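File shown: my_file_0.cif (mmCIF, C-alpha atoms).
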```cif
data_data
loop_
_atom_site.group_PDB
_atom_site.id
_atom_site.type_symbol
_atom_site.label_atom_id
_atom_site.label_comp_id
_atom_site.auth_asym_id
_atom_site.auth_seq_id
_atom_site.Cartn_x
_atom_site.Cartn_y
_atom_site.Cartn_z
ATOM 1 C CA MET A 1 100.338 47.698 -173.878
ATOM 2 C CA ALA A 2 96.894 47.908 -172.253
ATOM 3 C CA GLN A 3 93.979 46.738 -174.276
ATOM 4 C CA THR A 4 91.399 49.370 -175.175
ATOM 5 C CA PRO A 5 87.780 48.343 -175.116
ATOM 6 C CA ASP A 6 86.101 48.333 -178.513
ATOM 7 C CA ASN A 7 83.573 50.951 -177.481
ATOM 8 C CA ALA A 8 86.153 53.320 -175.962
ATOM 9 C CA PRO A 9 86.945 56.459 -177.986
ATOM 10 C CA PRO A 10 90.395 56.502 -179.481
ATOM 11 C CA ARG A 11 93.004 58.583 -177.708
ATOM 12 C CA PRO A 12 95.366 60.579 -179.792
ATOM 13 C CA GLU A 13 98.946 59.689 -179.657
ATOM 14 C CA ALA A 14 101.212 62.148 -178.042
ATOM 15 C CA ARG A 15 102.977 64.500 -180.408
ATOM 16 C CA PRO A 16 106.708 64.300 -180.558
ATOM 17 C CA ASP A 17 107.038 67.610 -178.784
ATOM 18 C CA ALA A 18 104.575 66.709 -176.031
ATOM 19 C CA ALA A 19 107.362 65.462 -173.773
ATOM 20 C CA THR A 20 109.043 68.800 -173.868
ATOM 21 C CA GLY A 21 105.923 70.902 -174.002
ATOM 22 C CA ALA A 22 103.860 69.313 -171.203
ATOM 23 C CA ARG A 23 104.316 70.016 -167.509
ATOM 24 C CA ASP A 24 102.046 68.582 -164.797
ATOM 25 C CA GLY A 25 99.353 67.745 -167.367
ATOM 26 C CA ILE A 26 99.362 71.256 -168.853
ATOM 27 C CA PHE A 27 100.492 71.827 -172.403
ATOM 28 C CA LEU A 28 102.762 74.777 -172.750
ATOM 29 C CA LYS A 29 102.622 76.756 -175.951
ATOM 30 C CA PRO A 30 105.882 77.578 -177.669
ATOM 31 C CA ALA A 31 107.072 81.094 -177.246
ATOM 32 C CA GLU A 32 105.798 83.623 -179.761
ATOM 33 C CA GLY A 33 107.799 83.425 -182.941
ATOM 34 C CA GLU A 34 109.444 80.086 -182.027
ATOM 35 C CA LEU A 35 110.121 77.704 -184.862
ATOM 36 C CA ARG A 36 109.215 74.057 -184.432
ATOM 37 C CA LYS A 37 109.457 70.932 -186.524
ATOM 38 C CA GLU A 38 106.217 69.150 -187.370
ATOM 39 C CA PRO A 39 105.835 65.542 -188.403
ATOM 40 C CA ALA A 40 104.795 64.611 -191.886
ATOM 41 C CA GLY A 41 101.291 63.430 -192.516
ATOM 42 C CA PRO A 42 97.999 64.555 -190.979
ATOM 43 C CA ASP A 43 98.124 66.899 -188.002
ATOM 44 C CA ALA A 44 96.405 66.270 -184.680
ATOM 45 C CA HIS A 45 93.026 67.023 -186.225
ATOM 46 C CA GLY A 46 93.618 65.031 -189.408
ATOM 47 C CA ILE A 47 93.471 68.117 -191.572
ATOM 48 C CA ASN A 48 96.941 69.072 -192.549
ATOM 49 C CA GLY A 49 98.047 66.658 -195.251
ATOM 50 C CA LYS A 50 101.179 68.567 -196.131
ATOM 51 C CA SER A 51 104.649 67.146 -195.653
ATOM 52 C CA GLY A 52 106.498 68.026 -192.526
ATOM 53 C CA GLY A 53 108.329 71.268 -192.431
ATOM 54 C CA VAL A 54 109.112 74.307 -190.367
ATOM 55 C CA ARG A 55 106.260 76.581 -189.302
ATOM 56 C CA ASN A 56 106.488 80.054 -187.852
ATOM 57 C CA ARG A 57 104.208 79.959 -184.856
ATOM 58 C CA LYS A 58 103.817 83.703 -185.039
ATOM 59 C CA THR A 59 101.885 83.406 -188.280
ATOM 60 C CA GLU A 60 99.502 80.863 -186.755
ATOM 61 C CA SER A 61 97.929 83.484 -184.510
ATOM 62 C CA ARG A 62 96.024 84.824 -187.494
ATOM 63 C CA ALA A 63 92.337 83.915 -187.740
ATOM 64 C CA PRO A 64 91.885 80.556 -189.526
ATOM 65 C CA ALA A 65 89.841 80.125 -192.657
ATOM 66 C CA ALA A 66 86.238 78.985 -192.234
ATOM 67 C CA GLY A 67 85.874 75.295 -191.396
ATOM 68 C CA ILE A 68 89.480 74.880 -190.153
ATOM 69 C CA ALA A 69 90.417 74.402 -186.504
ATOM 70 C CA ALA A 70 91.995 77.456 -184.955
ATOM 71 C CA SER A 71 94.384 75.624 -182.589
ATOM 72 C CA GLU A 72 96.641 72.633 -182.394
ATOM 73 C CA GLU A 73 96.269 72.317 -178.596
ATOM 74 C CA PRO A 74 95.396 68.862 -177.053
ATOM 75 C CA LEU A 75 91.681 68.161 -177.044
ATOM 76 C CA ASP A 76 91.530 68.029 -173.281
ATOM 77 C CA VAL A 77 92.997 71.516 -172.832
ATOM 78 C CA VAL A 78 90.831 74.645 -173.112
ATOM 79 C CA PRO A 79 92.884 77.074 -175.203
ATOM 80 C CA THR A 80 93.260 80.640 -174.168
ATOM 81 C CA PRO A 81 93.170 82.786 -177.316
ATOM 82 C CA THR A 82 95.825 85.395 -177.732
ATOM 83 C CA PRO A 83 94.188 88.794 -178.165
ATOM 84 C CA ARG A 84 94.736 90.467 -181.462
ATOM 85 C CA PRO A 85 96.706 93.673 -181.289
ATOM 86 C CA GLU A 86 93.653 95.686 -182.178
ATOM 87 C CA ALA A 87 91.608 94.014 -179.447
ATOM 88 C CA VAL A 88 93.871 95.325 -176.687
ATOM 89 C CA PRO A 89 91.969 98.126 -174.949
ATOM 90 C CA GLN A 90 93.512 101.525 -175.411
ATOM 91 C CA THR A 91 94.120 103.528 -172.302
ATOM 92 C CA ALA A 92 95.315 106.989 -171.658
ATOM 93 C CA SER A 93 98.693 105.599 -170.596
ATOM 94 C CA SER A 94 99.144 103.357 -173.640
ATOM 95 C CA VAL A 95 97.891 105.695 -176.374
ATOM 96 C CA ALA A 96 98.430 109.392 -176.359
ATOM 97 C CA PRO A 97 95.203 111.250 -177.075
ATOM 98 C CA GLU A 98 95.012 112.878 -180.455
ATOM 99 C CA LYS A 99 95.369 116.593 -180.076
ATOM 100 C CA ALA A 100 92.988 118.768 -182.033
ATOM 101 C CA ALA A 101 94.646 121.149 -184.396
ATOM 102 C CA PRO A 102 94.543 124.694 -183.086
ATOM 103 C CA ALA A 103 91.885 126.807 -184.747
ATOM 104 C CA THR A 104 94.111 129.264 -186.518
ATOM 105 C CA ALA A 105 93.369 131.268 -189.615
ATOM 106 C CA ARG A 106 94.657 129.842 -192.837
ATOM 107 C CA PRO A 107 97.714 131.805 -193.955
ATOM 108 C CA VAL A 108 97.093 134.001 -196.929
ATOM 109 C CA ALA A 109 99.662 134.451 -199.625
ATOM 110 C CA PRO A 110 100.832 138.027 -200.106
ATOM 111 C CA GLU A 111 99.175 138.341 -203.475
ATOM 112 C CA MET A 112 95.896 137.001 -202.072
ATOM 113 C CA GLY A 113 96.098 139.511 -199.261
ATOM 114 C CA ASN A 114 96.452 142.279 -201.793
ATOM 115 C CA LEU A 115 93.410 141.019 -203.669
ATOM 116 C CA ALA A 116 91.432 140.953 -200.444
ATOM 117 C CA LYS A 117 92.313 144.570 -199.801
ATOM 118 C CA VAL A 118 91.336 145.542 -203.321
ATOM 119 C CA SER A 119 88.006 143.720 -203.084
ATOM 120 C CA ASN A 120 87.138 145.627 -199.899
ATOM 121 C CA ALA A 121 88.071 148.961 -201.401
ATOM 122 C CA PRO A 122 85.267 151.127 -202.834
ATOM 123 C CA ASP A 123 84.739 150.695 -206.548
ATOM 124 C CA PRO A 124 85.228 154.052 -208.315
ATOM 125 C CA SER A 125 82.553 153.028 -210.826
ATOM 126 C CA ASN A 126 80.046 152.954 -207.941
ATOM 127 C CA ALA A 127 80.952 156.381 -206.580
ATOM 128 C CA ARG A 128 77.643 157.844 -207.796
ATOM 129 C CA GLU A 129 75.569 154.802 -206.925
ATOM 130 C CA ALA A 130 74.116 156.414 -203.815
ATOM 131 C CA ALA A 131 72.632 159.213 -205.935
ATOM 132 C CA ILE A 132 70.803 156.788 -208.246
ATOM 133 C CA THR A 133 67.696 156.347 -206.122
ATOM 134 C CA PRO A 134 64.349 155.042 -207.380
ATOM 135 C CA ALA A 135 63.054 158.615 -207.425
ATOM 136 C CA ALA A 136 66.049 159.734 -209.490
ATOM 137 C CA ALA A 137 65.495 156.818 -211.860
ATOM 138 C CA VAL A 138 61.886 157.914 -212.393
ATOM 139 C CA LEU A 139 63.092 161.415 -213.266
ATOM 140 C CA ALA A 140 65.704 159.963 -215.613
ATOM 141 C CA ALA A 141 63.048 157.897 -217.386
ATOM 142 C CA ALA A 142 60.893 161.010 -217.791
ATOM 143 C CA ALA A 143 63.885 162.956 -219.149
ATOM 144 C CA ILE A 144 64.566 160.259 -221.743
ATOM 145 C CA GLU A 145 60.930 160.276 -222.811
ATOM 146 C CA ASP A 146 61.011 164.066 -223.122
ATOM 147 C CA ALA A 147 64.242 163.912 -225.129
ATOM 148 C CA ARG A 148 62.644 161.528 -227.617
ATOM 149 C CA MET A 149 59.626 163.826 -227.968
ATOM 150 C CA CYS A 150 61.967 166.771 -228.563
ATOM 151 C CA GLU A 151 63.911 164.812 -231.185
ATOM 152 C CA ALA A 152 60.639 164.013 -232.940
ATOM 153 C CA GLU A 153 59.845 167.751 -232.990
ATOM 154 C CA LEU A 154 63.243 168.596 -234.489
ATOM 155 C CA GLU A 155 62.701 166.004 -237.197
ATOM 156 C CA LYS A 156 59.230 167.357 -237.906
ATOM 157 C CA ARG A 157 60.623 170.885 -238.280
ATOM 158 C CA GLY A 158 63.191 169.629 -240.801
ATOM 159 C CA VAL A 159 66.353 169.960 -238.725
ATOM 160 C CA LEU A 160 69.200 167.741 -239.928
ATOM 161 C CA PHE A 161 70.860 166.281 -236.830
ATOM 162 C CA THR A 162 72.296 163.179 -235.198
ATOM 163 C CA ILE A 163 72.145 161.881 -231.614
ATOM 164 C CA GLY A 164 75.340 161.058 -229.784
ATOM 165 C CA GLU A 165 76.032 158.875 -226.767
ATOM 166 C CA SER A 166 74.930 160.405 -223.476
ATOM 167 C CA ILE A 167 77.782 162.137 -221.635
ATOM 168 C CA SER A 168 78.382 161.540 -217.928
ATOM 169 C CA ASP A 169 81.439 163.202 -216.415
ATOM 170 C CA GLY A 170 81.001 163.772 -212.686
ATOM 171 C CA ALA A 171 78.705 166.775 -212.237
ATOM 172 C CA CYS A 172 78.821 167.399 -215.997
ATOM 173 C CA GLY A 173 76.928 165.615 -218.712
ATOM 174 C CA VAL A 174 74.408 165.738 -221.535
ATOM 175 C CA LEU A 175 71.493 163.391 -222.103
ATOM 176 C CA ARG A 176 71.415 162.231 -225.746
ATOM 177 C CA PRO A 177 73.438 165.202 -227.109
ATOM 178 C CA VAL A 178 72.246 166.621 -230.407
ATOM 179 C CA ASN A 179 74.719 167.380 -233.187
ATOM 180 C CA ILE A 180 73.083 169.840 -235.598
ATOM 181 C CA GLU A 181 74.298 169.812 -239.193
ATOM 182 C CA ARG A 182 71.676 172.175 -240.638
ATOM 183 C CA LEU A 183 68.730 174.012 -239.125
ATOM 184 C CA SER A 184 65.207 173.956 -240.549
ATOM 185 C CA SER A 185 65.794 177.383 -242.169
ATOM 186 C CA GLY A 186 68.684 175.914 -244.187
ATOM 187 C CA VAL A 187 71.323 177.725 -242.112
ATOM 188 C CA ALA A 188 74.301 175.498 -241.419
ATOM 189 C CA ILE A 189 76.533 175.314 -238.360
ATOM 190 C CA SER A 190 80.268 175.550 -238.860
ATOM 191 C CA SER A 191 81.297 172.910 -236.282
ATOM 192 C CA ASP A 192 79.729 170.006 -234.429
ATOM 193 C CA THR A 193 77.482 170.606 -231.448
ATOM 194 C CA GLN A 194 76.707 168.693 -228.271
ATOM 195 C CA LEU A 195 73.451 170.212 -227.115
ATOM 196 C CA PHE A 196 70.625 169.170 -224.867
ATOM 197 C CA CYS A 197 67.686 168.622 -227.216
ATOM 198 C CA ARG A 198 65.582 171.447 -225.763
ATOM 199 C CA SER A 199 68.486 173.839 -226.331
ATOM 200 C CA ALA A 200 68.770 172.653 -229.945
ATOM 201 C CA LEU A 201 65.035 173.225 -230.387
ATOM 202 C CA ALA A 202 65.324 176.729 -228.903
ATOM 203 C CA LEU A 203 68.224 177.441 -231.296
ATOM 204 C CA ASP A 204 66.187 176.382 -234.332
ATOM 205 C CA ARG A 205 63.198 178.498 -233.272
ATOM 206 C CA TRP A 206 65.392 181.531 -232.649
ATOM 207 C CA MET A 207 67.130 181.135 -235.997
ATOM 208 C CA THR A 208 63.835 180.727 -237.896
ATOM 209 C CA ASP A 209 61.801 183.383 -236.078
ATOM 210 C CA SER A 210 64.438 186.070 -235.423
ATOM 211 C CA VAL A 211 67.843 185.661 -237.080
ATOM 212 C CA VAL A 212 66.798 184.891 -240.677
ATOM 213 C CA PRO A 213 64.176 187.701 -240.795
ATOM 214 C CA ALA A 214 66.618 190.188 -239.185
ATOM 215 C CA ALA A 215 69.311 189.285 -241.737
ATOM 216 C CA LYS A 216 66.905 189.938 -244.613
ATOM 217 C CA ALA A 217 65.861 193.255 -243.086
ATOM 218 C CA SER A 218 69.415 194.497 -242.496
ATOM 219 C CA PHE A 219 71.099 192.905 -245.561
ATOM 220 C CA PRO A 220 68.405 192.464 -248.205
ATOM 221 C CA ALA A 221 70.889 191.655 -250.943
ATOM 222 C CA GLU A 222 72.568 188.917 -248.930
ATOM 223 C CA LYS A 223 71.505 185.482 -247.764
ATOM 224 C CA LEU A 224 72.521 184.044 -244.426
ATOM 225 C CA ALA A 225 74.406 180.793 -244.957
ATOM 226 C CA GLU A 226 75.713 179.727 -241.555
ATOM 227 C CA PHE A 227 76.577 180.759 -238.063
ATOM 228 C CA ARG A 228 79.691 179.892 -236.087
ATOM 229 C CA HIS A 229 79.581 178.956 -232.463
ATOM 230 C CA ALA A 230 82.414 179.250 -229.942
ATOM 231 C CA SER A 231 81.280 176.337 -227.751
ATOM 232 C CA THR A 232 78.382 174.148 -226.746
ATOM 233 C CA TYR A 233 79.152 171.421 -224.182
ATOM 234 C CA VAL A 234 82.174 172.130 -221.984
ATOM 235 C CA CYS A 235 82.628 170.686 -218.499
ATOM 236 C CA ARG A 236 83.557 173.781 -216.506
ATOM 237 C CA ASN A 237 82.363 176.263 -213.913
ATOM 238 C CA ARG A 238 80.924 179.654 -214.711
ATOM 239 C CA ALA A 239 83.337 182.430 -215.584
ATOM 240 C CA SER A 240 82.643 183.923 -212.149
ATOM 241 C CA GLU A 241 83.539 180.515 -210.570
ATOM 242 C CA ASN A 242 80.178 180.699 -208.789
ATOM 243 C CA GLY A 243 78.657 177.301 -209.576
ATOM 244 C CA ILE A 244 78.738 175.071 -212.615
ATOM 245 C CA SER A 245 78.302 176.521 -216.091
ATOM 246 C CA GLU A 246 75.241 175.701 -218.209
ATOM 247 C CA HIS A 247 77.746 174.595 -220.847
ATOM 248 C CA ALA A 248 78.504 171.660 -218.557
ATOM 249 C CA ARG A 249 74.887 170.497 -219.022
ATOM 250 C CA GLY A 250 74.660 171.025 -222.775
ATOM 251 C CA SER A 251 72.140 173.785 -222.145
ATOM 252 C CA ALA A 252 74.207 176.683 -223.531
ATOM 253 C CA VAL A 253 75.609 177.781 -226.867
ATOM 254 C CA ASP A 254 77.996 180.661 -227.540
ATOM 255 C CA ILE A 255 77.342 182.457 -230.868
ATOM 256 C CA ALA A 256 80.519 183.977 -232.316
ATOM 257 C CA ALA A 257 79.694 185.071 -235.907
ATOM 258 C CA PHE A 258 77.329 184.898 -238.895
ATOM 259 C CA ALA A 259 78.437 184.141 -242.411
ATOM 260 C CA PHE A 260 76.628 185.126 -245.608
ATOM 261 C CA LYS A 261 76.646 183.462 -248.963
ATOM 262 C CA ASN A 262 78.754 186.217 -250.564
ATOM 263 C CA GLY A 263 81.473 185.610 -247.969
ATOM 264 C CA THR A 264 80.622 188.484 -245.650
ATOM 265 C CA THR A 265 81.052 187.665 -241.956
ATOM 266 C CA ILE A 266 79.561 189.626 -239.095
ATOM 267 C CA GLY A 267 81.053 188.933 -235.714
ATOM 268 C CA VAL A 268 79.255 189.376 -232.421
ATOM 269 C CA GLU A 269 80.889 192.471 -230.988
ATOM 270 C CA ALA A 270 80.299 196.158 -230.396
ATOM 271 C CA HIS A 271 79.325 197.783 -233.730
ATOM 272 C CA GLU A 272 78.937 201.395 -234.727
ATOM 273 C CA PRO A 273 75.570 202.598 -233.435
ATOM 274 C CA GLY A 274 72.939 202.901 -236.199
ATOM 275 C CA SER A 275 74.851 200.670 -238.645
ATOM 276 C CA PRO A 276 73.186 197.674 -240.354
ATOM 277 C CA GLU A 277 75.416 195.408 -238.263
ATOM 278 C CA ALA A 278 74.307 197.129 -235.019
ATOM 279 C CA ARG A 279 70.614 196.904 -235.987
ATOM 280 C CA PHE A 280 70.980 193.238 -236.929
ATOM 281 C CA GLN A 281 72.759 192.390 -233.680
ATOM 282 C CA ARG A 282 70.261 194.264 -231.486
ATOM 283 C CA SER A 283 67.315 192.584 -233.247
ATOM 284 C CA ILE A 284 68.569 189.011 -232.882
ATOM 285 C CA ARG A 285 69.595 189.637 -229.281
ATOM 286 C CA GLU A 286 66.119 190.764 -228.367
ATOM 287 C CA GLY A 287 64.620 187.810 -230.253
ATOM 288 C CA ALA A 288 66.742 185.346 -228.275
ATOM 289 C CA CYS A 289 65.126 186.421 -225.002
ATOM 290 C CA GLY A 290 62.176 184.034 -224.939
ATOM 291 C CA PRO A 291 63.332 180.856 -226.622
ATOM 292 C CA PHE A 292 66.380 181.110 -224.306
ATOM 293 C CA LYS A 293 66.109 182.003 -220.605
ATOM 294 C CA THR A 294 69.548 183.609 -220.368
ATOM 295 C CA VAL A 295 70.969 186.027 -222.959
ATOM 296 C CA LEU A 296 74.354 187.678 -222.408
ATOM 297 C CA GLY A 297 76.544 189.529 -224.920
ATOM 298 C CA PRO A 298 78.596 192.630 -225.685
ATOM 299 C CA GLY A 299 78.015 195.207 -222.979
ATOM 300 C CA THR A 300 77.105 192.656 -220.281
ATOM 301 C CA ASP A 301 80.694 192.157 -219.059
ATOM 302 C CA ALA A 302 84.182 191.604 -220.434
ATOM 303 C CA ASP A 303 83.668 187.834 -220.610
ATOM 304 C CA HIS A 304 80.891 188.226 -223.196
ATOM 305 C CA ALA A 305 82.315 191.087 -225.275
ATOM 306 C CA THR A 306 82.796 188.907 -228.378
ATOM 307 C CA HIS A 307 79.906 186.420 -228.320
ATOM 308 C CA PHE A 308 76.337 185.785 -227.277
ATOM 309 C CA HIS A 309 75.814 183.357 -224.459
ATOM 310 C CA LEU A 310 72.411 181.665 -224.762
ATOM 311 C CA ASP A 311 71.034 178.965 -222.424
ATOM 312 C CA ILE A 312 67.712 177.539 -221.269
ATOM 313 C CA ALA A 313 68.424 177.333 -217.517
ATOM 314 C CA ALA A 314 65.139 177.309 -215.626
ATOM 315 C CA ARG A 315 64.430 180.458 -213.653
ATOM 316 C CA ARG A 316 61.910 181.354 -211.000
ATOM 317 C CA ASN A 317 58.376 181.654 -212.314
ATOM 318 C CA GLY A 318 59.587 180.943 -215.825
ATOM 319 C CA GLY A 319 61.401 184.278 -215.982
ATOM 320 C CA THR A 320 64.359 185.262 -218.148
ATOM 321 C CA TYR A 321 67.682 186.983 -217.614
ATOM 322 C CA CYS A 322 68.522 189.065 -220.697
ATOM 323 C CA LYS A 323 71.242 191.655 -220.187
#
```

Could the structure of this file be written out as structure tokens, please?
Amino acid sequence: MAQTPDNAPPRPEARPDAATGARDGIFLKPAEGELRKEPAGPDAHGINGKSGGVRNRKTESRAPAAGIAASEEPLDVVPTPTPRPEAVPQTASSVAPEKAAPATARPVAPEMGNLAKVSNAPDPSNAREAAITPAAAVLAAAAIEDARMCEAELEKRGVLFTIGESISDGACGVLRPVNIERLSSGVAISSDTQLFCRSALALDRWMTDSVVPAAKASFPAEKLAEFRHASTYVCRNRASENGISEHARGSAVDIAAFAFKNGTTIGVEAHEPGSPEARFQRSIREGACGPFKTVLGPGTDADHATHFHLDIAARRNGGTYCK
């Protein structure tokens, strides 16, 4: 055995597998996944102090922990690191490009489709929305203010009444309908009313200024107790079918009969000329033309043969239609 100078660096002894792994001075690495036997004691770098055993070379390709040599190659051989799988460049031939999902609409369940159709359909509650313009709202505000002033006048006159919920039914309706229980003269009404306040005020004035005095003149021994109406608010067209009726606006009242305290009842109809009933009826009919703008009754046409129709529909130049 040759002597090694004292100052020469020590040369590592050949590993047991060097004879089989070396060729022409080049160390050949075992095939990937090959199992090999390792000697007991420290490894070539003096680090591994574990007992000999079987190692799986495949697991050794992982990155070593910090401070530990990454290879067991001879010191005089420059190792060629095996690329990690993720380090291998991807090419069009090795990796198929990821296809973008086609831009298609998300399928809608049948019930959702139905809801979508419903949501796009016009809302029946908004059918009149187009008519509610700012100008119309200003007029509505003025009408409400006027209705409150009218109600204050009824209360001041001593009319016993209540205010119902406003009625809106298509082209028909009444703003704050008035239900009169007893007029300021003490005359009662036989059934509930739904009248526009200005119509109720006209009714009270007519009853106080014309009907009560005419009853005293024609029937001095009797006292008028109540009158019976045939209708106030009704959503319908005129009897002639030419336009909407004033009843549909709460503007009109149909007077059917008058009842006295002794039980006598005088209906609105054709009476014997010159009789107290005829004088009474003619007097109150004439007195209605003024507080009301339209007065129709027996003799006008067949539709009004058994009642007075009274309304406050506005007419040109403030005129009246009394026939």

Report the distance between CA of Leu201 (chain A) and CA of Leu154 (chain A) in Å, rounded to one decimal place.
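Straight-line distance from CA of Leu201 (chain A) to CA of Leu154 (chain A) works out to 6.4 Å.
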
Excluding region 232-248 of chain A and its own-chain neighbours fewer than 2 positions away, which residues fall within 9 Å of it when counting only C-alpha atoms? Please give them as a VMD selection string.
chain A and resid 169 171 to 174 177 192 to 196 229 to 230 250 to 254 303 311 to 313

Using Å and a single decimal, report how far CA of Thr208 (chain A) sits from CA of Thr300 (chain A).
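A separation of 25.1 Å between them.
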
Per-axis box centre and lengths in Å around region 133-150 of chain A, 4 Å margin per side, axis-aligned, as JSON:
```
{"center_x": 63.7, "center_y": 160.9, "center_z": -217.3, "size_x": 16.1, "size_y": 19.7, "size_z": 30.4}
```

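One finds CA of Ala314 (chain A) at 28.1 Å from CA of Gly267 (chain A).
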
On this structure, the PyMOL selection byres ((chain A and resi 297) around 12) would catch which residues? List them as an mmCIF file with C-alpha atoms, in the frame of the given file, sorted by chain and number.
```cif
data_model
loop_
_atom_site.group_PDB
_atom_site.id
_atom_site.type_symbol
_atom_site.label_atom_id
_atom_site.label_comp_id
_atom_site.auth_asym_id
_atom_site.auth_seq_id
_atom_site.Cartn_x
_atom_site.Cartn_y
_atom_site.Cartn_z
ATOM 1 C CA VAL A 253 75.609 177.781 -226.867
ATOM 2 C CA ASP A 254 77.996 180.661 -227.540
ATOM 3 C CA ILE A 255 77.342 182.457 -230.868
ATOM 4 C CA ALA A 256 80.519 183.977 -232.316
ATOM 5 C CA GLY A 267 81.053 188.933 -235.714
ATOM 6 C CA VAL A 268 79.255 189.376 -232.421
ATOM 7 C CA GLU A 269 80.889 192.471 -230.988
ATOM 8 C CA ALA A 270 80.299 196.158 -230.396
ATOM 9 C CA GLN A 281 72.759 192.390 -233.680
ATOM 10 C CA ARG A 282 70.261 194.264 -231.486
ATOM 11 C CA ILE A 284 68.569 189.011 -232.882
ATOM 12 C CA ARG A 285 69.595 189.637 -229.281
ATOM 13 C CA GLU A 286 66.119 190.764 -228.367
ATOM 14 C CA ALA A 288 66.742 185.346 -228.275
ATOM 15 C CA CYS A 289 65.126 186.421 -225.002
ATOM 16 C CA THR A 294 69.548 183.609 -220.368
ATOM 17 C CA VAL A 295 70.969 186.027 -222.959
ATOM 18 C CA LEU A 296 74.354 187.678 -222.408
ATOM 19 C CA PRO A 298 78.596 192.630 -225.685
ATOM 20 C CA GLY A 299 78.015 195.207 -222.979
ATOM 21 C CA THR A 300 77.105 192.656 -220.281
ATOM 22 C CA ASP A 301 80.694 192.157 -219.059
ATOM 23 C CA ALA A 302 84.182 191.604 -220.434
ATOM 24 C CA ASP A 303 83.668 187.834 -220.610
ATOM 25 C CA HIS A 304 80.891 188.226 -223.196
ATOM 26 C CA ALA A 305 82.315 191.087 -225.275
ATOM 27 C CA THR A 306 82.796 188.907 -228.378
ATOM 28 C CA HIS A 307 79.906 186.420 -228.320
ATOM 29 C CA PHE A 308 76.337 185.785 -227.277
ATOM 30 C CA HIS A 309 75.814 183.357 -224.459
ATOM 31 C CA LEU A 310 72.411 181.665 -224.762
ATOM 32 C CA TYR A 321 67.682 186.983 -217.614
ATOM 33 C CA CYS A 322 68.522 189.065 -220.697
ATOM 34 C CA LYS A 323 71.242 191.655 -220.187
#
```

Selection result of the PyMOL selection byres ((chain A and resi 150) around 10) on this file, as number ranges by chain:
A: 144-149, 151-156, 196-201

Using the chain letters and residue numbers of this document, give as a PDB file with C-alpha atoms, keeping the file's coordinate frame the residues selected by the PyMOL selection byres ((chain A and resi 207) around 10).
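To be explicit, this is the file written out as part.pdb:
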```pdb
ATOM      1  CA  LEU A 183      68.730 174.012-239.125  1.00  0.00           C
ATOM      2  CA  SER A 184      65.207 173.956-240.549  1.00  0.00           C
ATOM      3  CA  SER A 185      65.794 177.383-242.169  1.00  0.00           C
ATOM      4  CA  GLY A 186      68.684 175.914-244.187  1.00  0.00           C
ATOM      5  CA  VAL A 187      71.323 177.725-242.112  1.00  0.00           C
ATOM      6  CA  LEU A 201      65.035 173.225-230.387  1.00  0.00           C
ATOM      7  CA  ALA A 202      65.324 176.729-228.903  1.00  0.00           C
ATOM      8  CA  LEU A 203      68.224 177.441-231.296  1.00  0.00           C
ATOM      9  CA  ASP A 204      66.187 176.382-234.332  1.00  0.00           C
ATOM     10  CA  ARG A 205      63.198 178.498-233.272  1.00  0.00           C
ATOM     11  CA  TRP A 206      65.392 181.531-232.649  1.00  0.00           C
ATOM     12  CA  THR A 208      63.835 180.727-237.896  1.00  0.00           C
ATOM     13  CA  ASP A 209      61.801 183.383-236.078  1.00  0.00           C
ATOM     14  CA  SER A 210      64.438 186.070-235.423  1.00  0.00           C
ATOM     15  CA  VAL A 211      67.843 185.661-237.080  1.00  0.00           C
ATOM     16  CA  VAL A 212      66.798 184.891-240.677  1.00  0.00           C
ATOM     17  CA  PRO A 213      64.176 187.701-240.795  1.00  0.00           C
ATOM     18  CA  ALA A 214      66.618 190.188-239.185  1.00  0.00           C
ATOM     19  CA  PHE A 227      76.577 180.759-238.063  1.00  0.00           C
ATOM     20  CA  ILE A 284      68.569 189.011-232.882  1.00  0.00           C
ATOM     21  CA  GLY A 287      64.620 187.810-230.253  1.00  0.00           C
ATOM     22  CA  ALA A 288      66.742 185.346-228.275  1.00  0.00           C
TER      23      ALA A 288
END
```
